[in-house]
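Listing of upload.txt, compact mmCIF, C-alpha atoms
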```txt
# COMPACT_ATOMS: atom_id res chain seq x y z
CA LEU C 166 -12.97 -31.12 81.23
CA PRO C 167 -9.47 -32.38 80.36
CA GLN C 168 -7.95 -34.96 82.66
CA GLU C 169 -5.50 -33.03 84.84
CA THR C 170 -3.70 -33.69 88.08
CA PRO C 171 -4.79 -31.61 91.12
CA THR C 172 -1.43 -29.83 91.12
CA ALA C 173 -1.67 -28.88 87.47
CA TRP C 174 -5.26 -27.70 87.93
CA ALA C 175 -4.32 -25.48 90.89
CA THR C 176 -1.33 -24.06 88.99
CA HIS C 177 -3.46 -23.31 85.93
CA TYR C 178 -6.15 -21.74 88.15
CA ARG C 179 -3.61 -19.48 89.86
CA ASP C 180 -1.99 -18.46 86.56
CA THR C 181 -5.39 -17.57 85.12
CA ALA C 182 -6.07 -15.29 88.09
CA MET C 183 -2.73 -13.52 87.57
CA LEU C 184 -3.48 -12.99 83.90
CA THR C 185 -6.90 -11.64 84.79
CA ARG C 186 -5.35 -9.02 87.05
CA GLU C 187 -2.98 -8.04 84.25
CA GLN C 188 -5.89 -7.73 81.84
CA ILE C 189 -7.87 -5.61 84.30
CA ALA C 190 -4.96 -3.21 84.82
CA HIS C 191 -4.51 -2.79 81.07
CA LEU C 192 -8.25 -2.41 80.54
CA ARG C 193 -8.63 0.27 83.20
CA SER C 194 -5.69 2.26 81.86
CA HIS C 195 -7.28 2.53 78.40
CA LEU C 196 -11.05 2.33 78.94
CA PRO C 197 -13.10 4.33 81.48
CA CYS C 198 -14.68 1.53 83.48
CA SER C 199 -14.79 -0.25 86.81
CA THR C 200 -14.30 -3.96 87.30
CA SER C 201 -14.95 -6.51 90.01
CA TYR C 202 -14.07 -10.16 90.36
CA SER C 203 -13.71 -12.72 93.07
CA SER C 204 -10.31 -14.08 94.02
CA ASP C 205 -11.79 -17.58 94.15
CA GLN C 206 -13.49 -17.10 90.74
CA PRO C 207 -10.85 -15.49 88.51
CA SER C 208 -12.72 -16.53 85.37
CA HIS C 209 -15.73 -14.33 86.26
CA LEU C 210 -15.20 -10.63 85.57
CA VAL C 211 -17.87 -7.90 85.75
CA VAL C 212 -17.09 -4.78 83.71
CA LYS C 213 -19.11 -1.62 84.34
CA VAL C 214 -18.87 1.10 81.70
CA PRO C 215 -20.40 4.58 82.16
CA TRP C 216 -22.79 5.25 79.28
CA CYS C 217 -25.21 8.17 78.87
CA SER C 218 -25.27 8.85 82.64
CA ARG C 219 -26.06 5.18 83.15
CA THR C 220 -23.92 2.09 83.57
CA LEU C 221 -23.48 -0.84 81.22
CA GLU C 222 -22.81 -4.02 83.18
CA TRP C 223 -21.24 -6.75 81.10
CA GLN C 224 -20.09 -10.07 82.50
CA VAL C 225 -17.01 -11.66 80.96
CA LEU C 226 -16.93 -15.40 81.63
CA SER C 227 -13.73 -17.13 80.63
CA SER C 228 -13.31 -20.88 80.74
CA ILE C 229 -10.68 -22.36 83.03
CA SER C 230 -9.88 -24.87 80.30
CA GLY C 231 -9.02 -22.07 77.87
CA GLY C 232 -10.66 -20.57 74.81
CA GLY C 233 -12.33 -17.25 74.18
CA PRO C 234 -14.64 -15.83 76.87
CA ASP C 235 -18.42 -15.66 76.84
CA ILE C 236 -19.93 -12.23 77.46
CA VAL C 237 -23.33 -11.69 79.04
CA PHE C 238 -24.79 -8.28 78.13
CA ASP C 239 -27.37 -6.38 80.15
CA ASP C 240 -29.27 -5.69 76.91
CA SER C 241 -30.94 -8.84 75.56
CA GLY C 242 -31.44 -7.18 72.18
CA PHE C 243 -27.71 -6.70 71.63
CA ARG C 244 -26.46 -9.75 69.73
CA PRO C 245 -23.14 -8.83 68.12
CA LEU C 246 -22.29 -12.28 66.73
CA LEU C 247 -25.39 -12.70 64.59
CA SER C 248 -24.49 -13.48 61.00
CA TYR C 249 -26.24 -12.75 57.69
CA GLY C 250 -26.47 -9.00 58.28
CA GLY C 251 -28.11 -9.27 61.68
CA SER C 252 -25.10 -8.06 63.66
CA PRO C 253 -24.76 -4.39 64.63
CA LEU C 254 -21.03 -4.77 64.00
CA SER C 255 -19.54 -3.89 60.65
CA GLU C 256 -18.16 -6.77 58.61
CA SER C 257 -14.63 -5.73 59.51
CA ASP C 258 -15.34 -5.49 63.25
CA LEU C 259 -17.30 -8.75 63.26
CA SER C 260 -14.39 -10.50 61.57
CA GLN C 261 -11.98 -9.09 64.16
CA VAL C 262 -14.19 -10.22 67.06
CA LYS C 263 -14.42 -13.75 65.68
CA THR C 264 -10.67 -13.85 65.11
CA LEU C 265 -10.02 -12.71 68.68
CA LEU C 266 -12.29 -15.40 70.09
CA LEU C 267 -10.87 -18.15 67.88
CA GLN C 268 -7.25 -17.21 68.54
CA TRP C 269 -7.66 -16.20 72.18
CA GLY C 270 -4.25 -16.09 73.82
CA SER C 271 -1.06 -17.91 73.10
CA THR C 272 -0.50 -21.60 73.74
CA THR C 273 1.27 -22.31 77.02
CA SER C 274 2.20 -25.61 78.52
CA VAL C 275 1.07 -26.64 82.00
CA GLU C 276 2.87 -29.59 83.50
CA GLY C 277 0.64 -32.64 83.66
CA SER C 278 -2.12 -31.09 81.53
CA GLN C 279 -3.01 -30.37 77.95
CA ASN C 280 -1.89 -27.14 76.34
CA ALA C 281 -4.33 -24.35 77.25
CA PRO C 282 -4.63 -20.86 75.73
CA SER C 283 -3.75 -18.04 78.10
CA PRO C 284 -5.23 -14.64 77.12
CA THR C 285 -2.81 -11.76 76.77
CA LYS C 286 -3.42 -8.42 78.46
CA HIS C 287 -4.34 -6.69 75.19
CA GLN C 288 -7.08 -8.99 73.96
CA LEU C 289 -9.76 -8.13 76.52
CA LEU C 290 -9.42 -4.41 75.75
CA GLN C 291 -9.54 -5.08 72.02
CA LEU C 292 -12.62 -7.26 72.37
CA LEU C 293 -14.58 -4.81 74.54
CA THR C 294 -13.61 -1.85 72.35
CA LEU C 295 -15.04 -3.60 69.29
CA LEU C 296 -18.18 -4.62 71.17
CA LEU C 297 -18.75 -1.08 72.47
CA ARG C 298 -18.51 0.15 68.90
CA GLY C 299 -21.16 -2.38 67.95
CA TYR C 300 -23.29 -1.37 70.93
CA ARG C 301 -23.22 2.23 69.71
CA SER C 302 -24.49 1.06 66.31
CA HIS C 303 -27.13 -1.08 68.05
CA GLN C 304 -28.46 1.91 69.98
CA HIS C 305 -28.32 4.12 66.89
CA ALA C 306 -30.52 1.61 65.05
CA ARG C 307 -33.01 1.60 67.94
CA LEU C 308 -33.14 5.39 67.98
CA SER C 309 -33.56 5.50 64.21
CA ALA C 310 -36.49 3.12 64.45
CA ALA C 311 -38.07 5.20 67.20
CA GLY C 312 -37.41 8.38 65.22
CA SER C 313 -39.46 7.20 62.26
CA SER C 314 -42.46 8.88 63.89
CA HIS C 315 -40.62 11.73 65.61
CA THR C 316 -39.32 14.54 63.40
CA ARG C 317 -37.25 16.10 66.18
CA LEU C 318 -35.43 12.85 66.93
CA GLN C 319 -34.72 12.37 63.23
CA PHE C 320 -33.14 15.84 63.15
CA GLU C 321 -31.01 15.12 66.24
CA LEU C 322 -29.71 11.88 64.73
CA SER C 323 -28.95 13.53 61.39
CA THR C 324 -26.81 16.22 63.04
CA LEU C 325 -25.15 14.01 65.66
CA PRO C 326 -21.38 13.61 65.20
CA ILE C 327 -20.58 9.91 65.42
CA THR C 328 -17.13 9.43 66.97
CA GLN C 329 -15.47 6.86 69.22
CA GLN C 330 -16.57 8.97 72.22
CA THR C 331 -20.20 9.45 71.18
CA GLU C 332 -22.73 7.70 73.41
CA MET C 333 -26.41 7.13 72.69
CA MET C 334 -29.19 5.05 74.16
CA TYR C 335 -32.88 4.49 73.66
CA VAL C 336 -34.63 4.00 77.01
CA GLU C 337 -38.02 2.35 76.72
CA ALA C 338 -41.09 3.67 78.53
CA ARG C 339 -41.37 2.21 82.03
CA ASP C 340 -43.39 2.77 85.21
CA GLY C 341 -45.35 5.65 83.73
CA GLU C 342 -42.20 7.35 82.40
CA PRO C 343 -42.12 8.09 78.65
CA ALA C 344 -39.46 6.66 76.35
CA LYS C 345 -36.23 8.66 76.25
CA ALA C 346 -33.47 9.32 73.77
CA CYS C 347 -30.19 9.86 75.63
CA PHE C 348 -26.97 11.20 74.17
CA GLY C 349 -23.47 11.74 75.49
CA LEU C 350 -21.05 13.90 73.49
CA PRO C 351 -17.38 14.62 74.19
CA ILE C 352 -16.38 18.20 74.98
CA GLU C 353 -13.10 19.29 73.47
CA PRO C 354 -10.62 21.02 75.83
CA LEU C 355 -10.98 24.82 75.74
CA ASP C 356 -7.92 27.10 75.79
CA THR C 357 -8.94 30.16 77.86
CA SER C 358 -5.54 31.88 77.90
CA ARG C 359 -6.45 34.34 75.14
CA LEU C 360 -9.86 34.93 76.70
CA THR C 361 -8.23 35.85 80.04
CA HIS C 362 -5.92 38.32 78.26
CA LEU C 363 -8.89 39.89 76.44
CA LEU C 364 -10.89 40.30 79.66
CA THR C 365 -7.88 41.83 81.41
CA THR C 366 -7.13 44.38 78.69
CA SER C 367 -10.81 45.35 78.44
CA GLY C 368 -10.98 45.98 82.20
CA VAL C 369 -13.38 43.18 83.04
CA LEU C 370 -10.65 41.42 85.04
CA THR C 371 -8.14 43.22 87.26
CA ALA C 372 -4.50 42.63 86.48
CA PRO C 373 -2.42 41.18 89.34
CA GLN C 374 -0.91 43.91 91.56
CA ALA C 375 2.85 44.31 91.52
CA GLY C 376 4.78 43.56 94.71
CA PRO C 377 6.28 46.26 96.99
CA ALA C 378 9.03 48.42 95.50
CA SER C 379 12.59 47.47 96.22
CA GLN C 380 13.41 50.96 97.58
CA GLY C 381 11.45 53.33 99.72
CA GLY C 382 8.43 51.11 100.16
CA PRO C 383 6.86 50.71 103.60
CA GLY C 384 7.69 47.05 103.61
CA THR C 385 11.43 47.56 103.05
CA GLN C 386 14.19 48.30 105.54
CA GLN C 387 14.79 51.72 103.99
CA GLY C 388 11.12 52.58 104.29
CA GLN C 389 11.09 51.63 107.97
CA GLN C 390 14.16 53.81 108.68
CA GLU C 391 12.51 56.78 106.99
CA GLN C 392 9.40 56.34 109.15
CA GLN C 393 11.53 56.23 112.34
CA GLN C 394 13.37 59.43 111.34
CA GLN C 395 10.09 61.24 110.71
CA GLN C 396 8.78 60.19 114.15
CA GLN C 397 11.96 61.43 115.88
CA GLN C 398 11.65 64.79 114.17
```

Let's see the structure in the file written out as structure tokens.
Amino acid sequence: LPQETPTAWATHYRDTAMLTREQIAHLRSHLPCSTSYSSDQPSHLVVKVPWCSRTLEWQVLSSISGGGPDIVFDDSGFRPLLSYGGSPLSESDLSQVKTLLLQWGSTTSVEGSQNAPSPTKHQLLQLLTLLLRGYRSHQHARLSAAGSSHTRLQFELSTLPITQQTEMMYVEARDGEPAKACFGLPIEPLDTSRLTHLLTTSGVLTAPQAGPASQGGPGTQQGQQEQQQQQQQ
């Protein structure tokens, strides 16, 4: 660790916590997830992402002395930084991940200490977005391998639309349960306004009843006067 005065260390520790809160707020506003961290350990962030009716739990460990974070995945087979074609990331995404980690944050000066990188609020979101894209490719490769002996699974994979919202996961057999292929697909918003009009005109739905007439209706003053006159007669 760099030689720092206690005051500088405490200041840097507090600033890192503030930046972590800023990153969390930005992350939550753009990525469906939940996060948890300890106020006395601002460099330890747990990110939980819903995935195929399950939850991915990734731990983001950033160093107090600066530099890009380490990420611990809950899938030991997912190794996004493998080189020589072993990474599930595309060459472009792998290059972006490495660049983010190497250029993590901007250089800020802390009194009494060495310059230390402070991550901006955008970088954590960018990093996790790229890694989730790689995780999708990782699970697709696992499903493709499992589908080599399953015609139905091969058909499902061949017709599956791969988008940024597509989720997939291969769940291995466990505790007597067979292996599973899980998918999560986005549902586009459906405009039902024309359908409601069609059902109304065809008589399936009843059109809203009009309010009481402005003249002569039983709920009006004129209608009440007419009723009183009839009773007197």

Practice problem: Would you list the contacts of C:Val212 as a PyMOL selection string, taking every protein, DNA or RNA residue within 6 Å and counting only C-alpha atoms, but skipping same-chain residues closer than 5 positions in sequence? | Solution: chain C and resi 199-200+222-223

Exercise. Would you kindly return, as a PyMOL selection string, each protein, DNA or RNA residue with an atom no farther than 8 Å from any atom of C:Leu265, considering all atoms listed in the file and excluding same-chain residues fewer than 5 positions away?
Key: chain C and resi 233+288+292

Exercise. Could you please determine the separation between atom CA of C:Leu289 and atom CA of C:Ser201 in Å, to one decimal place?
Key: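 Taking atom CA of C:Leu289 and atom CA of C:Ser201, their separation equals 14.5 Å.
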
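With distances restricted to all atoms listed in the file, C:Ala346 is the closest residue to C:Arg317 from C:Ala346, C:Leu210, C:Arg244, C:Glu256.
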
Find the spatial neighbours of C:Leu297, counting all atoms listed in the file, within a cut-off of 12 Å - ignore same-chain residues fewer than 4 positions away - and output them as a compact mmCIF listing (two decimals) with C-alpha atoms, in the frame of the given file.
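The result, written out as result21.txt:
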```
# COMPACT_ATOMS: atom_id res chain seq x y z
CA LEU C 196 -11.05 2.33 78.94
CA PRO C 197 -13.10 4.33 81.48
CA VAL C 212 -17.09 -4.78 83.71
CA LYS C 213 -19.11 -1.62 84.34
CA VAL C 214 -18.87 1.10 81.70
CA PRO C 215 -20.40 4.58 82.16
CA TRP C 216 -22.79 5.25 79.28
CA LEU C 221 -23.48 -0.84 81.22
CA GLU C 222 -22.81 -4.02 83.18
CA TRP C 223 -21.24 -6.75 81.10
CA PHE C 238 -24.79 -8.28 78.13
CA PHE C 243 -27.71 -6.70 71.63
CA ARG C 244 -26.46 -9.75 69.73
CA PRO C 245 -23.14 -8.83 68.12
CA PRO C 253 -24.76 -4.39 64.63
CA LEU C 254 -21.03 -4.77 64.00
CA ASP C 258 -15.34 -5.49 63.25
CA VAL C 262 -14.19 -10.22 67.06
CA LEU C 290 -9.42 -4.41 75.75
CA GLN C 291 -9.54 -5.08 72.02
CA LEU C 292 -12.62 -7.26 72.37
CA LEU C 293 -14.58 -4.81 74.54
CA ARG C 301 -23.22 2.23 69.71
CA SER C 302 -24.49 1.06 66.31
CA HIS C 303 -27.13 -1.08 68.05
CA GLN C 304 -28.46 1.91 69.98
CA THR C 328 -17.13 9.43 66.97
CA GLN C 329 -15.47 6.86 69.22
CA GLN C 330 -16.57 8.97 72.22
CA THR C 331 -20.20 9.45 71.18
CA GLU C 332 -22.73 7.70 73.41
CA MET C 333 -26.41 7.13 72.69
```

Quiz prompt | Among the residues C:Leu259, C:Leu318, C:Ala310, C:Leu360, the one that comes closest to C:Arg298 [using all atoms listed in the file] | solution = C:Leu259

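Separating atom CA of C:His287 from atom CA of C:Val225 is a distance of 14.8 Å.
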
Quiz item: By how many Å are atom CA of C:Phe320 and atom CA of C:Leu308 apart?
Solution: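 Spanning atom CA of C:Phe320 to atom CA of C:Leu308 is a straight-line distance of 11.5 Å.
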
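When all atoms listed in the file are used to compute distances to C:Gln188, the closest of the residues C:Met334, C:Gly341, C:Gly270, C:Leu295 turns out to be C:Gly270.
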